[in-house]
$ cat query35.tsv   # TSV, C-alpha atoms
chain	number	residue	atom	x	y	z
A	23	MET	CA	-12.20	-8.61	-0.05
A	24	LYS	CA	-10.51	-5.76	1.82
A	25	THR	CA	-6.75	-5.31	2.13
A	26	PHE	CA	-5.23	-6.79	5.29
A	27	SER	CA	-1.69	-5.52	5.04
A	28	GLY	CA	-0.12	-2.19	5.85
A	29	ASN	CA	1.60	0.00	8.39
A	30	VAL	CA	1.07	-0.80	12.06
A	31	LEU	CA	-0.16	1.47	14.85
A	32	PHE	CA	0.75	0.16	18.32
A	33	LEU	CA	-1.69	1.13	21.09
A	34	ASP	CA	-0.08	-0.11	24.28
A	35	ARG	CA	-3.05	-0.25	26.61
A	36	SER	CA	-5.80	-2.63	27.65
A	37	ASP	CA	-9.52	-1.77	27.73
A	38	ILE	CA	-9.61	0.71	24.85
A	39	ASN	CA	-13.33	1.29	24.67
A	40	THR	CA	-15.74	2.22	21.91
A	41	ASP	CA	-16.09	5.78	23.24
A	42	GLU	CA	-12.36	6.23	22.75
A	43	ILE	CA	-12.55	4.65	19.29
A	44	ILE	CA	-15.41	6.91	18.19
A	45	PRO	CA	-16.96	9.32	20.72
A	46	ALA	CA	-20.72	9.00	21.28
A	47	LYS	CA	-21.34	12.59	20.13
A	48	TYR	CA	-20.71	11.42	16.54
A	49	LEU	CA	-23.24	8.56	16.58
A	50	THR	CA	-25.84	10.81	14.95
A	51	GLU	CA	-23.80	11.00	11.73
A	52	ILE	CA	-25.63	9.42	8.80
A	53	THR	CA	-22.61	8.20	6.82
A	54	LYS	CA	-19.61	6.10	7.76
A	55	GLU	CA	-17.36	8.65	6.08
A	56	ALA	CA	-18.45	11.36	8.55
A	57	LEU	CA	-16.93	9.25	11.35
A	58	GLY	CA	-13.50	9.19	9.71
A	59	PRO	CA	-11.90	12.35	11.11
A	60	HIS	CA	-12.91	11.44	14.67
A	61	LEU	CA	-11.25	8.02	14.95
A	62	LEU	CA	-9.58	7.65	18.36
A	63	GLU	CA	-9.89	11.40	19.03
A	64	ASP	CA	-10.63	10.82	22.74
A	65	LEU	CA	-7.87	8.25	23.27
A	66	CYS	CA	-5.42	9.41	25.92
A	67	LEU	CA	-2.21	7.47	25.52
A	68	GLU	CA	1.36	8.67	25.87
A	69	GLY	CA	2.90	9.25	22.45
A	70	PHE	CA	-0.45	9.10	20.65
A	71	THR	CA	-1.75	12.16	18.81
A	72	PRO	CA	-5.32	11.89	17.48
A	73	GLY	CA	-5.49	12.45	13.74
A	74	LYS	CA	-1.73	12.32	13.32
A	75	SER	CA	-0.81	8.91	14.78
A	76	THR	CA	-3.38	7.12	12.61
A	77	GLN	CA	-2.21	8.65	9.32
A	78	ASP	CA	-0.92	6.04	6.89
A	79	LYS	CA	-1.81	3.17	9.27
A	80	GLN	CA	-3.84	0.16	8.20
A	81	VAL	CA	-3.34	-2.14	11.20
A	82	VAL	CA	-3.79	-1.69	14.97
A	83	ILE	CA	-2.12	-3.84	17.63
A	84	SER	CA	-3.27	-3.50	21.21
A	85	ARG	CA	-3.62	-5.37	24.50
A	86	THR	CA	-6.63	-6.99	26.23
A	87	ASN	CA	-10.36	-6.30	26.00
A	88	PHE	CA	-10.13	-4.08	22.93
A	89	GLY	CA	-13.45	-2.51	21.91
A	90	CYS	CA	-15.14	-2.82	25.30
A	91	GLY	CA	-17.99	-0.51	26.21
A	92	SER	CA	-21.10	-0.15	24.09
A	93	SER	CA	-22.14	-2.42	21.26
A	94	ARG	CA	-22.04	0.27	18.60
A	95	GLU	CA	-21.16	-0.71	15.04
A	96	HIS	CA	-19.72	2.77	14.60
A	97	ALA	CA	-16.39	1.76	16.16
A	98	PRO	CA	-15.47	-0.75	13.41
A	99	TRP	CA	-16.92	1.62	10.81
A	100	ALA	CA	-14.56	4.38	11.98
A	101	PHE	CA	-11.63	2.03	11.44
A	102	GLU	CA	-12.98	0.92	8.07
A	103	VAL	CA	-13.34	4.43	6.63
A	104	ASN	CA	-9.78	5.16	7.72
A	105	GLY	CA	-8.47	2.12	5.85
A	106	ILE	CA	-7.76	0.11	9.01
A	107	HIS	CA	-9.08	-3.37	8.33
A	108	VAL	CA	-7.02	-5.35	10.86
A	109	VAL	CA	-7.04	-5.10	14.64
A	110	ILE	CA	-4.86	-7.54	16.56
A	111	ALA	CA	-5.12	-7.88	20.33
A	112	GLU	CA	-4.90	-10.36	23.18
A	113	SER	CA	-8.69	-10.26	23.48
A	114	PHE	CA	-11.71	-8.32	22.27
A	115	ALA	CA	-15.07	-7.38	23.62
A	116	ARG	CA	-17.32	-9.98	22.00
A	117	ILE	CA	-19.64	-7.56	20.20
A	118	PHE	CA	-16.81	-5.38	18.86
A	119	ARG	CA	-15.05	-8.47	17.52
A	120	GLN	CA	-18.19	-9.70	15.77
A	121	ASN	CA	-18.93	-6.25	14.36
A	122	MET	CA	-15.45	-6.27	12.79
A	123	PHE	CA	-16.14	-9.60	11.06
A	124	ASN	CA	-19.66	-8.47	10.12
A	125	GLY	CA	-17.96	-5.60	8.27
A	126	GLY	CA	-15.58	-7.96	6.47
A	127	MET	CA	-12.60	-6.95	8.61
A	128	LEU	CA	-10.20	-8.90	10.82
A	129	ALA	CA	-10.19	-8.88	14.63
A	130	VAL	CA	-7.53	-11.44	15.45
A	131	GLU	CA	-6.66	-12.61	18.93
A	132	LEU	CA	-3.07	-13.63	19.59
A	133	PRO	CA	-1.65	-15.03	22.84
A	134	PRO	CA	-0.41	-12.49	25.42
A	135	ASP	CA	3.20	-13.67	24.98
A	136	THR	CA	2.99	-13.07	21.23
A	137	ILE	CA	1.49	-9.59	21.68
A	138	ALA	CA	4.21	-8.75	24.23
A	139	ASP	CA	6.84	-10.00	21.78
A	140	LEU	CA	5.40	-7.81	19.00
A	141	PHE	CA	5.52	-4.74	21.26
A	142	ASN	CA	9.07	-5.54	22.37
A	143	ARG	CA	10.35	-6.12	18.84
A	144	PHE	CA	8.45	-3.49	16.88
A	145	ALA	CA	6.74	-0.74	18.93
A	146	GLY	CA	8.34	2.61	18.17
A	147	ARG	CA	9.57	1.43	14.78
A	148	ALA	CA	8.02	1.89	11.35
A	149	THR	CA	6.47	-1.57	11.14
A	150	ARG	CA	4.63	-3.18	8.25
A	151	LEU	CA	2.31	-6.17	8.34
A	152	GLU	CA	1.80	-8.48	5.38
A	153	THR	CA	-1.10	-10.89	5.73
A	154	ASP	CA	-1.29	-14.20	3.93
A	155	PHE	CA	-5.01	-14.72	4.44
A	156	ALA	CA	-5.12	-18.08	2.68
A	157	GLN	CA	-2.34	-19.51	4.89
A	158	SER	CA	-3.37	-17.59	8.05
A	159	ILE	CA	0.05	-16.03	8.55
A	160	PHE	CA	1.06	-12.53	9.60
A	161	THR	CA	4.55	-11.29	8.70
A	162	PHE	CA	5.81	-8.23	10.56
A	163	THR	CA	8.77	-6.28	9.20
A	164	ALA	CA	10.72	-3.30	10.52
A	165	ASP	CA	14.25	-2.41	9.51
A	166	GLU	CA	16.00	-5.78	9.23
A	167	LYS	CA	13.64	-7.56	11.63
A	168	VAL	CA	11.09	-10.05	10.32
A	169	PHE	CA	8.69	-11.96	12.54
A	170	THR	CA	6.09	-14.46	11.30
A	171	VAL	CA	3.02	-15.31	13.36
A	172	PRO	CA	0.29	-17.84	12.52
A	173	PHE	CA	-3.30	-16.93	13.37
A	174	GLU	CA	-6.60	-18.78	13.52
A	175	LEU	CA	-10.07	-17.90	12.28
A	176	SER	CA	-13.23	-19.93	12.52
A	177	ASN	CA	-14.65	-21.10	9.21
A	178	PHE	CA	-17.59	-18.74	9.64
A	179	ASP	CA	-15.44	-15.69	10.39
A	180	ARG	CA	-13.27	-16.54	7.39
A	181	ALA	CA	-16.39	-16.81	5.21
A	182	LEU	CA	-17.62	-13.41	6.42
A	183	VAL	CA	-14.29	-11.80	5.54
A	184	GLU	CA	-14.12	-13.52	2.15
A	185	ALA	CA	-17.65	-12.36	1.34
A	186	GLY	CA	-16.93	-8.77	2.39
A	187	GLY	CA	-19.09	-8.86	5.50
A	188	TRP	CA	-22.37	-10.16	6.86
A	189	VAL	CA	-24.69	-8.47	4.34
A	190	GLU	CA	-22.72	-9.81	1.37
A	191	TYR	CA	-22.50	-13.25	3.01
A	192	ALA	CA	-26.26	-13.32	3.62
A	193	ASP	CA	-27.00	-12.17	0.06
A	194	ALA	CA	-24.90	-15.02	-1.31
A	195	ASN	CA	-26.13	-17.74	1.04
A	196	TYR	CA	-29.78	-17.10	1.93
$ encode --input "query35.tsv" --output "structure tokens"
Amino acid sequence: MKTFSGNVLFLDRSDINTDEIIPAKYLTEITKEALGPHLLEDLCLEGFTPGKSTQDKQVVISRTNFGCGSSREHAPWAFEVNGIHVVIAESFARIFRQNMFNGGMLAVELPPDTIADLFNRFAGRATRLETDFAQSIFTFTADEKVFTVPFELSNFDRALVEAGGWVEYADANY
């Protein structure tokens, strides 16, 4: 199972699409690793610098409709090869969300009020997330602030993550 804790990158915008996550010109690459340097390189967001803002980050928090656009698996792969195994948002494009779980990663939806609270408390601070996967609890920490948030996963999504992704799940169960 992958690691689901680490430093948080706040992306304060809705509708971040798969072209912004990994530009289409890189879809001809034949390895996941080749996608790594290009993660979020076309994202235009105040205070965000492609390549620099993602360094040492393992978690992304964003707003609504994250991962919209095309159905490419490359978007979750670009996160995976950069060590980002958790994306938290108010909502996800359905296919992006499922591609995250198919890769053994977490795409967790939290209520809009909770996401707003996380941005208000922690955006702009060096924030760390610790995930208690077994208890379905996120703990956010920055400076002296600590905030605990429960999350929900379906049994099937949990099984995919525990197996390491869809291929590993299928190998073990079919």
$ axis_aligned_box --input "query35.tsv" --around "segment 125-133 of chain A" --padding-each-side "6 Å" --output "lines of an AutoDock Vina configuration file"
center_x = -9.8
center_y = -10.3
center_z = 14.7
size_x = 28.3
size_y = 21.4
size_z = 28.4
$ residues_around --input "query35.tsv" --residues "Ser36 of chain A" --least-positions-apart "2" --cutoff "10 Å" --atoms "only C-alpha atoms" --output "NGL selection string"
:A and (33-34 or 38-39 or 84-90 or 111-114)
$ residues_around --input "query35.tsv" --residues "Gly73 of chain A" --least-positions-apart "4" --cutoff "12 Å" --atoms "all atoms listed in the file" --output "number ranges by chain"
A: 43, 58-65, 77-79, 104
$ write_last_selection --input "query35.tsv" --atoms "C-alpha atoms" --output "compact mmCIF listing (two decimals), in the coordinates of the input"
# COMPACT_ATOMS: atom_id res chain seq x y z
CA ILE A 43 -12.55 4.65 19.29
CA GLY A 58 -13.50 9.19 9.71
CA PRO A 59 -11.90 12.35 11.11
CA HIS A 60 -12.91 11.44 14.67
CA LEU A 61 -11.25 8.02 14.95
CA LEU A 62 -9.58 7.65 18.36
CA GLU A 63 -9.89 11.40 19.03
CA ASP A 64 -10.63 10.82 22.74
CA LEU A 65 -7.87 8.25 23.27
CA GLN A 77 -2.21 8.65 9.32
CA ASP A 78 -0.92 6.04 6.89
CA LYS A 79 -1.81 3.17 9.27
CA ASN A 104 -9.78 5.16 7.72
$ closest_residue --input "query35.tsv" --among "A:Asp135, A:Asp37, A:Ile117, A:Val168" --to "Leu67 of chain A" --atoms "only C-alpha atoms"
A:Asp37
$ closest_residue --input "query35.tsv" --among "A:Phe141, A:Phe26, A:Trp99, A:Phe118" --to "Ile83 of chain A" --atoms "only C-alpha atoms"
A:Phe141
$ closest_residue --input "query35.tsv" --among "A:Ile137, A:Ile106, A:Met23, A:Ala100" --to "Thr40 of chain A" --atoms "all atoms listed in the file"
A:Ala100
$ residues_around --input "query35.tsv" --residues "Gln157 of chain A" --least-positions-apart "6" --cutoff "12 Å" --atoms "all atoms listed in the file" --output "ChimeraX atom specification"
/A:170-175,180
$ atom_distance --input "query35.tsv" --atom1 "atom CA of Ile159 of chain A" --atom2 "atom CA of Arg147 of chain A"
20.8 Å
$ closest_residue --input "query35.tsv" --among "A:Ala97, A:Val103, A:Val82, A:Met122" --to "Pro45 of chain A" --atoms "only C-alpha atoms"
A:Ala97
$ closest_residue --input "query35.tsv" --among "A:Gly125, A:Gly146, A:Pro133, A:Pro98" --to "Leu182 of chain A" --atoms "all atoms listed in the file"
A:Gly125
$ closest_residue --input "query35.tsv" --among "A:Ser75, A:Val189, A:Val109, A:Glu102" --to "Leu151 of chain A" --atoms "all atoms listed in the file"
A:Val109
$ residues_around --input "query35.tsv" --residues "Thr163 of chain A" --least-positions-apart "6" --cutoff "9 Å" --atoms "all atoms listed in the file" --output "PyMOL selection string"
chain A and resi 144+148-152+169-170
$ residues_near_point --input "query35.tsv" --point "(-6.9, 0.3, 10.2)" --cutoff "6 Å" --atoms "all atoms listed in the file" --output "list of chain:residue names"
A:Lys79, A:Gln80, A:Val81, A:Phe101, A:Gly105, A:Ile106, A:His107, A:Val108
$ atom_distance --input "query35.tsv" --atom1 "atom CA of Glu55 of chain A" --atom2 "atom CA of Phe70 of chain A"
22.3 Å
$ residues_around --input "query35.tsv" --residues "Glu184 of chain A" --least-positions-apart "2" --cutoff "12 Å" --atoms "only C-alpha atoms" --output "list in words"
Met23, Lys24, Thr25, Phe26, Phe123, Asn124, Gly125, Gly126, Met127, Leu128, Phe155, Ala156, Leu175, Asn177, Phe178, Asp179, Arg180, Ala181, Leu182, Gly186, Gly187, Trp188, Val189, Glu190, Tyr191 and Ala194 of chain A
$ atom_distance --input "query35.tsv" --atom1 "atom CA of Arg94 of chain A" --atom2 "atom CA of Ile52 of chain A"
13.9 Å
